[in-house]
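Novice: Structure: query.cif, mmCIF, C-alpha atoms.
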```cif
data_work
#
loop_
_atom_site.label_atom_id
_atom_site.label_comp_id
_atom_site.auth_asym_id
_atom_site.auth_seq_id
_atom_site.Cartn_x
_atom_site.Cartn_y
_atom_site.Cartn_z
CA MET A 1 -236.62 141.80 -12.42
CA PRO A 2 -236.57 142.21 -8.62
CA ARG A 3 -235.51 145.59 -7.40
CA PHE A 4 -232.47 144.45 -5.42
CA LEU A 5 -230.82 143.07 -8.57
CA LYS A 6 -230.55 146.62 -9.88
CA ASN A 7 -228.36 147.55 -6.93
CA LYS A 8 -224.80 147.15 -8.24
CA GLN A 9 -223.29 147.24 -4.76
CA PHE A 10 -225.47 144.36 -3.59
CA ILE A 11 -224.43 142.23 -6.56
CA PHE A 12 -220.82 143.10 -5.80
CA VAL A 13 -221.24 141.90 -2.20
CA ILE A 14 -222.82 138.66 -3.41
CA LEU A 15 -219.90 138.08 -5.79
CA ILE A 16 -217.39 138.66 -2.99
CA ALA A 17 -219.30 136.24 -0.77
CA VAL A 18 -219.20 133.54 -3.46
CA ALA A 19 -215.47 134.13 -3.94
CA LEU A 20 -214.91 133.86 -0.18
CA ILE A 21 -216.85 130.61 0.06
CA SER A 22 -214.73 129.13 -2.73
CA ALA A 23 -211.58 130.34 -0.99
CA MET A 24 -212.81 128.72 2.21
CA ALA A 25 -213.45 125.39 0.46
CA TYR A 26 -210.04 125.55 -1.22
CA THR A 27 -207.96 126.39 1.83
CA TYR A 28 -209.88 124.40 4.47
CA GLY A 29 -207.92 121.64 6.15
CA GLY A 30 -204.53 123.33 6.12
CA GLY A 31 -201.39 121.43 5.25
CA ARG A 32 -200.19 123.82 2.59
CA ASN A 33 -197.29 126.19 2.15
CA VAL A 34 -199.01 129.58 2.07
CA THR A 35 -198.85 131.94 -0.90
CA PRO A 36 -196.13 134.64 -0.96
CA ILE A 37 -198.66 137.39 -0.17
CA GLU A 38 -199.92 135.64 2.94
CA SER A 39 -196.36 134.82 3.92
CA ALA A 40 -195.39 138.49 3.61
CA ILE A 41 -198.35 139.66 5.72
CA GLY A 42 -197.34 137.20 8.42
CA SER A 43 -193.68 138.20 8.23
CA ILE A 44 -194.55 141.87 8.73
CA LEU A 45 -196.96 141.37 11.63
CA SER A 46 -195.27 138.47 13.46
CA PRO A 47 -192.51 140.57 15.07
CA VAL A 48 -195.10 143.10 16.31
CA GLU A 49 -197.25 140.33 17.73
CA LYS A 50 -194.22 138.72 19.36
CA VAL A 51 -193.52 141.95 21.30
CA PHE A 52 -197.10 142.23 22.56
CA TYR A 53 -197.30 138.53 23.39
CA SER A 54 -194.11 138.62 25.46
CA ILE A 55 -195.26 141.80 27.25
CA GLY A 56 -198.47 139.99 28.24
CA ASN A 57 -196.54 136.93 29.39
CA ASN A 58 -194.06 138.95 31.42
CA VAL A 59 -196.82 140.84 33.23
CA SER A 60 -198.76 137.67 34.03
CA ASN A 61 -195.58 135.85 35.12
CA PHE A 62 -194.80 138.74 37.47
CA PHE A 63 -198.18 138.46 39.17
CA SER A 64 -198.11 134.67 39.37
CA SER A 65 -194.63 134.72 40.91
CA ILE A 66 -195.88 137.10 43.62
CA ARG A 67 -198.65 134.62 44.35
CA GLU A 68 -196.19 131.70 44.55
CA ILE A 69 -193.70 133.24 47.01
CA GLY A 70 -195.42 131.81 50.10
CA THR A 71 -195.40 128.23 48.90
CA LEU A 72 -191.84 128.13 47.56
CA ARG A 73 -190.16 126.53 50.60
CA ALA A 74 -192.62 123.66 50.89
CA LYS A 75 -192.48 123.08 47.15
CA ASN A 76 -188.69 122.98 47.19
CA ALA A 77 -188.62 120.33 49.93
CA ALA A 78 -191.10 118.18 48.03
CA LEU A 79 -189.09 118.49 44.82
CA GLU A 80 -185.85 117.48 46.57
CA LYS A 81 -187.54 114.31 47.83
CA GLU A 82 -188.76 113.70 44.30
CA ILE A 83 -185.21 114.01 42.92
CA ILE A 84 -183.88 111.37 45.31
CA LYS A 85 -186.67 109.02 44.28
CA LEU A 86 -186.10 109.67 40.58
CA ASN A 87 -182.36 109.07 40.89
CA LYS A 88 -183.05 105.61 42.29
CA ASN A 89 -185.50 104.97 39.45
CA ASP A 90 -182.95 106.14 36.90
CA ILE A 91 -180.36 103.60 38.01
CA MET A 92 -182.97 100.87 37.79
CA LEU A 93 -183.99 102.02 34.31
CA GLN A 94 -180.37 101.98 33.11
CA GLU A 95 -180.22 98.32 34.11
CA TYR A 96 -183.39 97.62 32.17
CA ILE A 97 -182.13 99.47 29.09
CA ASN A 98 -178.92 97.47 29.07
CA GLU A 99 -180.79 94.23 29.54
CA ASN A 100 -183.25 95.19 26.81
CA ASN A 101 -180.47 96.02 24.35
CA ARG A 102 -178.72 92.71 25.10
CA LEU A 103 -181.92 90.74 24.51
CA ARG A 104 -182.69 92.73 21.34
CA ASP A 105 -179.27 91.84 19.99
CA ILE A 106 -179.87 88.16 20.70
CA LEU A 107 -183.24 88.25 18.90
CA ASN A 108 -182.08 90.51 16.03
CA PHE A 109 -184.98 92.82 16.83
CA LYS A 110 -185.03 96.08 14.86
CA ASP A 111 -184.65 99.16 17.03
CA ASN A 112 -187.48 101.52 16.10
CA ASN A 113 -187.13 103.93 19.00
CA LYS A 114 -185.72 106.71 16.88
CA ASN A 115 -184.53 109.80 18.73
CA ILE A 116 -186.50 112.90 17.83
CA THR A 117 -184.82 116.11 16.71
CA THR A 118 -186.54 119.36 17.52
CA GLN A 119 -186.48 122.98 16.51
CA PRO A 120 -187.30 125.47 19.29
CA ALA A 121 -189.83 128.23 18.60
CA ASN A 122 -191.63 131.08 20.35
CA ILE A 123 -195.38 131.53 20.27
CA VAL A 124 -196.23 134.91 18.74
CA SER A 125 -200.03 134.98 18.97
CA LYS A 126 -203.15 132.96 19.58
CA ASN A 127 -206.35 132.77 17.58
CA PRO A 128 -208.40 135.92 18.30
CA GLY A 129 -211.74 134.12 17.94
CA ASN A 130 -213.48 131.84 20.39
CA TRP A 131 -214.14 128.86 18.14
CA PHE A 132 -210.66 127.62 17.31
CA ASN A 133 -207.60 126.75 19.35
CA THR A 134 -204.74 127.65 17.06
CA PHE A 135 -201.58 129.63 17.60
CA ASN A 136 -198.74 131.00 15.49
CA ILE A 137 -195.03 130.34 15.99
CA ASP A 138 -192.01 132.26 14.76
CA VAL A 139 -190.30 129.56 12.68
CA GLY A 140 -191.24 128.60 9.13
CA SER A 141 -190.06 127.00 5.93
CA ASP A 142 -186.72 128.81 6.27
CA ASP A 143 -186.04 126.70 9.37
CA GLY A 144 -187.11 123.46 7.74
CA ILE A 145 -190.65 123.40 9.09
CA LYS A 146 -193.18 121.50 6.98
CA PRO A 147 -196.94 121.00 7.35
CA LYS A 148 -198.13 118.11 9.58
CA MET A 149 -195.12 118.22 11.91
CA ALA A 150 -195.79 117.60 15.61
CA VAL A 151 -195.38 120.46 18.08
CA LEU A 152 -194.31 119.80 21.70
CA ASP A 153 -194.16 122.07 24.72
CA GLU A 154 -190.87 122.71 26.53
CA LYS A 155 -191.22 119.51 28.61
CA GLY A 156 -191.89 117.36 25.55
CA ASN A 157 -195.66 116.93 25.86
CA MET A 158 -197.65 116.97 22.64
CA VAL A 159 -199.48 120.28 22.03
CA GLY A 160 -200.33 120.45 18.35
CA ILE A 161 -199.78 119.97 14.65
CA VAL A 162 -198.30 122.45 12.16
CA THR A 163 -200.91 123.29 9.51
CA ASP A 164 -199.91 126.20 7.29
CA VAL A 165 -196.28 127.24 6.88
CA GLY A 166 -195.06 130.69 5.85
CA LYS A 167 -191.51 131.84 5.29
CA ASN A 168 -190.67 132.59 8.91
CA TRP A 169 -193.93 131.81 10.67
CA ALA A 170 -196.36 128.91 10.88
CA LYS A 171 -199.87 128.19 12.12
CA VAL A 172 -200.29 125.39 14.65
CA LEU A 173 -203.54 123.54 15.41
CA SER A 174 -203.70 122.58 19.12
CA ILE A 175 -204.74 119.06 19.98
CA ILE A 176 -207.58 120.52 22.09
CA ASP A 177 -209.20 122.02 18.96
CA VAL A 178 -212.37 120.24 17.84
CA ASP A 179 -210.85 119.72 14.40
CA SER A 180 -207.76 117.82 15.55
CA SER A 181 -207.46 114.05 15.81
CA VAL A 182 -204.40 112.06 16.85
CA SER A 183 -203.92 108.32 17.02
CA ALA A 184 -203.06 107.41 20.60
CA ILE A 185 -202.30 104.48 22.86
CA ASP A 186 -202.69 103.74 26.58
CA VAL A 187 -199.17 103.04 27.88
CA ARG A 188 -200.30 100.50 30.50
CA THR A 189 -203.03 98.54 28.72
CA ARG A 190 -201.89 99.10 25.08
CA ASP A 191 -205.41 100.11 23.97
CA ASN A 192 -205.50 102.12 20.77
CA GLY A 193 -207.85 105.02 20.20
CA ILE A 194 -208.25 108.40 18.59
CA ILE A 195 -207.76 111.58 20.61
CA ARG A 196 -210.02 114.47 19.70
CA GLY A 197 -210.48 117.87 21.27
CA ASP A 198 -213.74 118.84 22.92
CA SER A 199 -214.49 122.50 23.21
CA ASN A 200 -213.95 122.65 27.00
CA GLY A 201 -210.16 122.42 26.87
CA ASN A 202 -210.11 118.69 27.51
CA LEU A 203 -209.60 115.76 25.16
CA THR A 204 -211.75 112.73 24.46
CA MET A 205 -210.29 109.40 23.44
CA ILE A 206 -212.76 107.53 21.26
CA TYR A 207 -212.88 104.06 19.64
CA ILE A 208 -211.56 102.28 22.76
CA PRO A 209 -212.53 98.55 22.74
CA ILE A 210 -215.33 97.61 25.15
CA ASP A 211 -213.22 95.02 27.02
CA SER A 212 -210.40 97.47 27.64
CA LYS A 213 -209.14 97.85 31.22
CA ILE A 214 -208.29 101.52 30.76
CA SER A 215 -208.68 103.37 34.05
CA LYS A 216 -208.20 106.73 35.71
CA GLY A 217 -204.62 108.00 35.86
CA ASP A 218 -203.29 106.03 32.87
CA ILE A 219 -200.82 107.90 30.65
CA ILE A 220 -201.78 108.31 27.00
CA THR A 221 -199.09 108.74 24.35
CA THR A 222 -199.02 108.91 20.56
CA SER A 223 -199.15 105.47 19.01
CA ASP A 224 -196.92 103.92 16.40
CA MET A 225 -199.72 104.01 13.84
CA SER A 226 -199.85 107.80 13.57
CA MET A 227 -197.53 109.95 11.50
CA PHE A 228 -195.96 111.30 14.68
CA PRO A 229 -193.03 109.70 16.49
CA ARG A 230 -194.38 107.29 19.07
CA GLY A 231 -194.28 107.92 22.78
CA LEU A 232 -195.05 111.63 22.83
CA ILE A 233 -197.05 112.19 26.02
CA ILE A 234 -200.54 113.57 25.42
CA GLY A 235 -202.25 113.39 28.80
CA ARG A 236 -203.78 111.37 31.61
CA VAL A 237 -207.13 109.60 31.77
CA GLU A 238 -209.59 111.55 33.89
CA LYS A 239 -212.77 109.52 33.46
CA VAL A 240 -213.86 106.47 31.46
CA GLU A 241 -217.41 106.34 30.17
CA LYS A 242 -219.47 103.91 28.15
CA ASP A 243 -222.43 105.01 26.10
CA GLU A 244 -225.56 102.91 26.57
CA GLY A 245 -225.95 100.63 23.58
CA SER A 246 -222.56 101.51 22.16
CA LEU A 247 -219.94 98.85 21.48
CA LEU A 248 -217.06 101.14 22.31
CA LYS A 249 -215.80 103.02 25.32
CA GLN A 250 -214.57 106.56 25.45
CA ALA A 251 -212.41 108.38 27.95
CA ILE A 252 -211.94 111.98 29.00
CA ILE A 253 -208.25 112.87 28.88
CA LYS A 254 -206.70 115.79 30.72
CA PRO A 255 -203.89 117.18 28.55
CA GLU A 256 -200.46 117.18 30.19
CA ALA A 257 -199.41 120.47 28.55
CA ASP A 258 -200.66 123.72 30.05
CA PHE A 259 -202.30 125.42 27.09
CA GLU A 260 -203.06 128.64 28.97
CA ARG A 261 -199.44 129.39 29.80
CA LEU A 262 -197.63 128.15 26.69
CA GLU A 263 -194.73 130.37 25.74
CA PHE A 264 -192.02 128.26 24.10
CA VAL A 265 -192.62 125.18 22.00
CA GLN A 266 -190.48 122.78 19.99
CA VAL A 267 -191.29 121.40 16.56
CA VAL A 268 -190.35 117.78 15.82
CA THR A 269 -188.45 117.94 12.53
CA ASN A 270 -187.89 114.26 11.77
CA MET A 271 -191.39 113.03 11.06
CA LYS A 272 -192.03 109.69 9.41
CA THR A 273 -193.96 110.96 6.41
CA THR A 274 -191.99 114.12 5.75
CA GLY A 275 -188.64 112.30 5.80
CA ASP A 276 -185.60 112.93 7.93
CA MET B 1 -205.11 160.74 3.75
CA ARG B 2 -206.22 160.81 7.36
CA SER B 3 -208.18 157.63 6.74
CA ILE B 4 -204.92 155.66 6.90
CA TYR B 5 -205.24 155.99 10.70
CA LYS B 6 -208.42 153.97 10.46
CA TYR B 7 -206.63 151.06 8.80
CA LEU B 8 -203.75 151.32 11.27
CA LEU B 9 -206.29 151.16 14.08
CA VAL B 10 -207.80 148.00 12.57
CA ILE B 11 -204.35 146.36 12.34
CA PHE B 12 -203.54 147.41 15.91
CA VAL B 13 -206.82 145.94 17.19
CA ILE B 14 -206.18 142.65 15.37
CA VAL B 15 -202.70 142.38 16.87
CA LEU B 16 -204.04 143.15 20.35
CA GLN B 17 -206.74 140.56 19.92
CA GLY B 18 -204.27 137.84 19.00
CA THR B 19 -201.93 138.61 21.86
CA LEU B 20 -203.34 140.37 24.92
CA PHE B 21 -207.10 139.81 24.77
CA ARG B 22 -206.83 136.32 26.29
CA TYR B 23 -206.13 137.99 29.64
CA ILE B 24 -209.51 139.77 29.63
CA ALA B 25 -211.57 136.70 28.71
CA ILE B 26 -214.72 136.19 30.79
CA LEU B 27 -215.82 132.55 31.19
CA GLY B 28 -213.24 131.70 28.55
CA VAL B 29 -214.85 134.01 26.00
CA LYS B 30 -212.89 136.86 24.44
CA PRO B 31 -214.61 140.02 23.19
CA ASP B 32 -214.27 140.84 19.49
CA ALA B 33 -212.92 144.37 19.15
CA LEU B 34 -212.58 144.10 15.37
CA LEU B 35 -216.30 143.39 15.07
CA ILE B 36 -217.18 146.36 17.28
CA LEU B 37 -214.95 148.64 15.24
CA VAL B 38 -216.30 147.47 11.87
CA ILE B 39 -219.92 147.73 13.01
CA ALA B 40 -219.32 151.20 14.42
CA PHE B 41 -217.70 152.51 11.24
CA SER B 42 -220.38 150.90 9.03
CA LEU B 43 -223.03 152.57 11.16
CA LEU B 44 -221.36 155.95 10.82
CA ASN B 45 -220.26 155.87 7.18
CA GLY B 46 -222.61 153.52 5.32
CA THR B 47 -222.32 150.50 3.04
CA ARG B 48 -219.24 151.45 1.01
CA GLU B 49 -217.18 151.77 4.16
CA SER B 50 -218.61 148.51 5.53
CA ILE B 51 -217.49 146.50 2.50
CA ILE B 52 -213.96 147.96 2.41
CA LEU B 53 -213.31 147.69 6.16
CA SER B 54 -214.74 144.22 6.60
CA LEU B 55 -212.75 142.87 3.66
CA PHE B 56 -209.56 144.51 4.96
CA GLY B 57 -209.93 143.36 8.56
CA GLY B 58 -211.47 139.99 7.82
CA ILE B 59 -208.89 138.87 5.29
CA LEU B 60 -206.10 140.02 7.58
CA VAL B 61 -207.47 137.91 10.45
CA ASP B 62 -208.06 134.94 8.18
CA VAL B 63 -204.60 135.02 6.64
CA LEU B 64 -202.90 135.45 9.99
CA PHE B 65 -204.81 133.03 12.16
CA ASN B 66 -207.34 130.79 10.43
CA ASN B 67 -207.01 127.60 8.46
CA ALA B 68 -209.97 128.31 6.18
CA ILE B 69 -209.48 131.69 4.49
CA GLY B 70 -212.77 133.56 4.32
CA PHE B 71 -214.21 132.17 7.53
CA VAL B 72 -214.17 135.44 9.49
CA THR B 73 -214.43 137.66 6.42
CA ILE B 74 -217.76 136.32 5.22
CA SER B 75 -219.40 136.67 8.64
CA LEU B 76 -217.96 140.13 9.10
CA LEU B 77 -218.99 141.21 5.60
CA SER B 78 -222.61 140.10 6.04
CA VAL B 79 -223.01 141.78 9.42
CA ALA B 80 -221.27 144.99 8.35
CA TYR B 81 -223.20 145.27 5.08
CA LEU B 82 -226.52 144.80 6.88
CA THR B 83 -225.50 147.45 9.40
CA GLY B 84 -224.54 149.79 6.58
CA LEU B 85 -227.92 149.31 4.88
CA LEU B 86 -229.86 149.93 8.08
CA SER B 87 -227.74 152.89 9.15
CA LYS B 88 -229.70 155.27 6.88
CA ASN B 89 -232.75 154.97 9.09
CA VAL B 90 -231.27 155.45 12.56
CA PHE B 91 -229.73 158.19 14.63
CA LYS B 92 -226.08 157.28 14.14
CA GLU B 93 -224.30 159.08 16.94
CA SER B 94 -226.45 157.56 19.68
CA THR B 95 -224.63 155.08 21.90
CA PHE B 96 -227.85 153.18 22.46
CA VAL B 97 -228.29 152.53 18.73
CA ALA B 98 -224.69 151.24 18.53
CA PHE B 99 -225.35 149.07 21.61
CA VAL B 100 -228.32 147.41 19.91
CA PHE B 101 -226.47 146.99 16.61
CA VAL B 102 -223.43 145.41 18.27
CA PHE B 103 -225.57 143.09 20.41
CA LEU B 104 -227.60 141.78 17.48
CA GLY B 105 -224.60 141.94 15.16
CA THR B 106 -222.51 139.70 17.43
CA ILE B 107 -225.27 137.11 17.58
CA LEU B 108 -225.61 137.09 13.78
CA TYR B 109 -221.82 137.06 13.32
CA ASN B 110 -221.45 134.00 15.51
CA LEU B 111 -224.44 132.23 13.96
CA ILE B 112 -222.94 132.63 10.48
CA MET B 113 -219.64 131.26 11.82
CA VAL B 114 -221.43 128.27 13.38
CA PHE B 115 -223.19 127.69 10.10
CA SER B 116 -219.89 127.64 8.19
CA MET B 117 -218.45 125.31 10.83
CA LEU B 118 -221.36 122.94 10.31
CA LEU B 119 -220.65 123.00 6.57
CA MET B 120 -217.05 122.07 7.33
CA LYS B 121 -218.26 119.10 9.44
CA TYR B 122 -217.15 120.31 12.85
CA ASP B 123 -218.53 118.67 15.99
CA ILE B 124 -219.89 121.54 18.04
CA ASN B 125 -221.03 121.16 21.60
CA PRO B 126 -224.45 122.94 21.76
CA SER B 127 -224.11 124.19 25.35
CA TYR B 128 -220.68 125.65 24.60
CA LEU B 129 -222.06 127.30 21.48
CA PHE B 130 -224.89 128.95 23.41
CA ASN B 131 -222.44 130.11 26.08
CA VAL B 132 -220.04 131.71 23.64
CA ILE B 133 -222.71 133.55 21.68
CA ILE B 134 -224.54 134.99 24.69
CA VAL B 135 -221.44 135.91 26.69
CA GLN B 136 -219.75 137.51 23.71
CA SER B 137 -222.82 139.55 22.74
CA VAL B 138 -223.16 140.93 26.25
CA TYR B 139 -219.42 141.57 26.55
CA ASN B 140 -219.15 143.27 23.16
CA SER B 141 -222.14 145.52 23.67
CA PHE B 142 -220.88 146.41 27.15
CA ILE B 143 -217.58 147.54 25.65
CA THR B 144 -219.48 149.52 23.02
CA ILE B 145 -221.22 151.61 25.68
CA PHE B 146 -217.85 153.00 26.76
CA ALA B 147 -215.98 152.99 23.46
CA TYR B 148 -218.56 154.29 21.00
CA ARG B 149 -218.29 158.00 21.75
CA TYR B 150 -214.52 157.83 21.16
CA ILE B 151 -215.07 156.03 17.85
CA VAL B 152 -217.52 158.78 16.83
CA MET B 153 -214.94 161.44 17.75
CA PHE B 154 -212.22 159.59 15.86
CA ASN B 155 -214.47 159.23 12.83
CA SER B 156 -215.43 162.90 12.71
CA TYR B 157 -211.75 163.80 13.10
CA ILE B 158 -210.87 161.71 10.04
CA ASN B 159 -213.77 163.02 7.96
CA THR B 160 -213.32 166.73 8.72
CA LYS B 161 -209.65 166.58 7.88
CA LYS B 162 -210.49 164.95 4.58
CA PHE B 163 -212.96 167.73 3.84
CA PHE B 164 -210.30 170.29 4.71
CA PHE B 165 -207.88 168.97 2.13
CA LYS B 166 -210.46 168.59 -0.62
CA ILE B 167 -209.64 170.62 -3.71
#
```
Please express the file's structure as structure tokens.

Specialist:
Amino acid sequence: MPRFLKNKQFIFVILIAVALISAMAYTYGGGRNVTPIESAIGSILSPVEKVFYSIGNNVSNFFSSIREIGTLRAKNAALEKEIIKLNKNDIMLQEYINENNRLRDILNFKDNNKNITTQPANIVSKNPGNWFNTFNIDVGSDDGIKPKMAVLDEKGNMVGIVTDVGKNWAKVLSIIDVDSSVSAIDVRTRDNGIIRGDSNGNLTMIYIPIDSKISKGDIITTSDMSMFPRGLIIGRVEKVEKDEGSLLKQAIIKPEADFERLEFVQVVTNMKTTGD
Amino acid sequence: MRSIYKYLLVIFVIVLQGTLFRYIAILGVKPDALLILVIAFSLLNGTRESIILSLFGGILVDVLFNNAIGFVTISLLSVAYLTGLLSKNVFKESTFVAFVFVFLGTILYNLIMVFSMLLMKYDINPSYLFNVIIVQSVYNSFITIFAYRYIVMFNSYINTKKFFFKI
């Protein structure tokens, strides 16, 4: 018998390692309501993390507002111009909506533009490691949160998917994580594809047809084929590339949400698969 | 009883890492204070300590932040146990020894993580991988140079008090 097998501690470590690997295989992929023990650990530490996270945000907001003071006047003027333009657009859109509804009625077309209902949440912490882009929020199964719900930032851009849900906290997988994939559509050209994270904080849209006219600046939203409500804005096309010898195109997408400065999010609570 | 401070310190470091450490990231890479702490204590107190601390810290991080439970724990456990085994043969209080252990330990820690990610069928960008491992090793060992003497002081404080209360 080899000498190291006589070392009880070594055998103990090996047993723990095997147990951990099984735990990893069992829990990988998320989408579960966590066990009461895990839920309790999260419930105890979430409030503490929330305090530290908001301290960090307040300090960094203070410094960024000092930096922005000089440009405020110019920015304000530009925004006022933008408002006038948007008001004009809004009136035009109202006309279109009315016309659309009238035509829908004539054709007996089913209205599938369901309004989304959301539950606001604070971010309490981010993943401490460098490999994953996940964060925790301070709402959980008590507030009606279920796994696989979509998470939006305060402006309504898509930022992630709820994976594990505790009693009053939940883990969220960002769309920029390498493990995430979301079915998406180009608003202008109606090309379908899958959005995946690359590790540089950008997104890649893969499986775009070769004859697609997708181009820089196009807006990408969630498509009707995913489990998320359609029309959630994901990002804009930055670059379109075609691999030599490949029959498909792919595009680099810049996410619309600012993942560095996320503070508040909203969870979409009426998903298709989880029911209303 | 004084050793409870050690566990409180581990919890505090984990909370800090999840909340404030993103402001001190260099090239988008955060240092890993939990790893430094666990390696330092394993170096000072041996294998028993390394198993207990790495299980405590690792499972806490996994439960709080990760989707696959055991992902951080298994990497931390392997590195800490190796450190504990080797610690018999080195001069423990030397900052240089800790520097070397943290540098090599961080590389091994990340390689084990990458290996588990490959098993879970992740697409990993090789240049990014190289970046993270090198930057984090340098960053971690740099922090160790300044922090290690305080960890040694903290450790001797805990241990002497324990001795004092022994019946």

Novice: Nearest to chain A: which of B:Ala80, B:Ala25, B:Val13, B:Leu20 is it, counting only C-alpha atoms?

Specialist: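 The closest residue to chain A is B:Leu20.
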
Novice: Every residue with an atom at most 9 Å from (-221.5, 149.5, 24.4) (file coordinates; only C-alpha atoms) is what I'm after, so could you write them as a compact mmCIF listing (two decimals) with C-alpha atoms, in the coordinates of the input?

Specialist:
```
# COMPACT_ATOMS: atom_id res chain seq x y z
CA ILE B 36 -217.18 146.36 17.28
CA THR B 95 -224.63 155.08 21.90
CA PHE B 96 -227.85 153.18 22.46
CA ALA B 98 -224.69 151.24 18.53
CA PHE B 99 -225.35 149.07 21.61
CA VAL B 100 -228.32 147.41 19.91
CA VAL B 102 -223.43 145.41 18.27
CA PHE B 103 -225.57 143.09 20.41
CA VAL B 138 -223.16 140.93 26.25
CA TYR B 139 -219.42 141.57 26.55
CA ASN B 140 -219.15 143.27 23.16
CA SER B 141 -222.14 145.52 23.67
CA PHE B 142 -220.88 146.41 27.15
CA ILE B 143 -217.58 147.54 25.65
CA THR B 144 -219.48 149.52 23.02
CA ILE B 145 -221.22 151.61 25.68
CA PHE B 146 -217.85 153.00 26.76
CA ALA B 147 -215.98 152.99 23.46
CA TYR B 148 -218.56 154.29 21.00
```

Novice: Quick one: which residues end up in the PyMOL selection byres ((chain A and resi 10) around 12) for this structure, as an NGL selection string?

Specialist: (:A and (3-9 or 11-17)) or (:B and (47-48 or 51 or 77-78 or 81-82 or 84-85))

Novice: Which residues of chain B come within 7 Å of chain A, and what is each one's closest atom pair and distance in Å (one decimal), counting only C-alpha atoms, sorted by chain and residue number, as a tab-separated table?

Specialist:
```
residue	atom	partner	partner_atom	distance
B:Val15	CA	A:Glu49	CA	5.9
B:Gln17	CA	A:Pro128	CA	5.2
B:Gly18	CA	A:Pro128	CA	4.6
B:Thr19	CA	A:Tyr53	CA	4.9
B:Leu20	CA	A:Gly56	CA	5.9
B:Val29	CA	A:Asn130	CA	6.2
B:Lys30	CA	A:Asn130	CA	6.5
B:Val63	CA	A:Glu38	CA	6.0
B:Leu64	CA	A:Gly42	CA	6.0
B:Phe65	CA	A:Asn127	CA	5.6
B:Asn67	CA	A:Gly30	CA	5.5
B:Ala68	CA	A:Tyr28	CA	4.3
B:Ile69	CA	A:Met24	CA	5.0
B:Gly70	CA	A:Leu20	CA	5.0
B:Phe71	CA	A:Met24	CA	6.5
B:Ile74	CA	A:Ala17	CA	6.2
B:Tyr122	CA	A:Asp179	CA	6.5
B:Asp123	CA	A:Val178	CA	6.6
B:Asn125	CA	A:Ser199	CA	6.9
```

Novice: List the residues matched by the PyMOL selection byres ((chain A and resi 185) around 9) in the displayed structure as a list in words, ordered by chain and then by residue number.

Specialist: Ser183, Ala184, Asp186, Val187, Arg188, Thr189, Arg190, Asp191, Asn192, Gly193, Ile194, Ile219, Ile220, Thr221, Thr222, Ser223, Asp224 and Gly231 of chain A

Novice: Rounded to one decimal in Å, what is the spacing between atom CA of A:Lys254 and atom CA of A:Glu82?

Specialist: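 Distance between the two atoms: 22.6 Å.
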
Novice: Considering all atoms listed in the file, state which residue in the set B:Tyr23, B:Leu37, B:Tyr128, B:Asn110 is at the smallest distance from B:Leu9.

Specialist: B:Leu37

Novice: Please indicate the distance in Å from atom CA of B:Val135 to atom CA of B:Phe91, rounded to one decimal place.

Specialist: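 We find that atom CA of B:Val135 and atom CA of B:Phe91 lie 26.7 Å from each other.
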
Novice: For the file shown, report as an MDAnalysis selection string the outcome of the PyMOL selection byres ((chain B and resi 57) around 9) at residue level.

Specialist: chainID B and resid 7 10:11 14 34 38 52:56 58:62 73 76

Novice: Give as a list in words each residue that has an atom at most 10 Å from (-188.0, 120.4, 17.7) in the file, counting all atoms listed in the file.

Specialist: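 Counting all atoms listed in the file, I find these residues within 10 Å of (-188.0, 120.4, 17.7): Ile116, Thr117, Thr118, Gln119, Pro120, Ala121, Ile145, Met149, Ala150, Val151, Leu152, Asp153, Glu154, Gly156, Val265, Gln266, Val267, Val268, Thr269 and Asn270 of chain A.
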
Novice: Restricting the calculation to only C-alpha atoms, which member of B:Arg149, B:Ala33, B:Gly46, B:Gly28 is positioned closest to B:Asn89?

Specialist: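 With only C-alpha atoms as the atom set, the closest residue is B:Gly46.
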
Novice: Which residue gives the smallest distance to A:Lys148 among A:Val162, A:Val59, A:Ile206, A:Ile97, with all atoms listed in the file counted?

Specialist: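 Under the stated criterion, the closest residue is A:Val162.
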
Novice: Which value, in Å to one decimal, gives the distance between atom CA of A:Ser246 and atom CA of A:Leu203?

Specialist: 19.5 Å
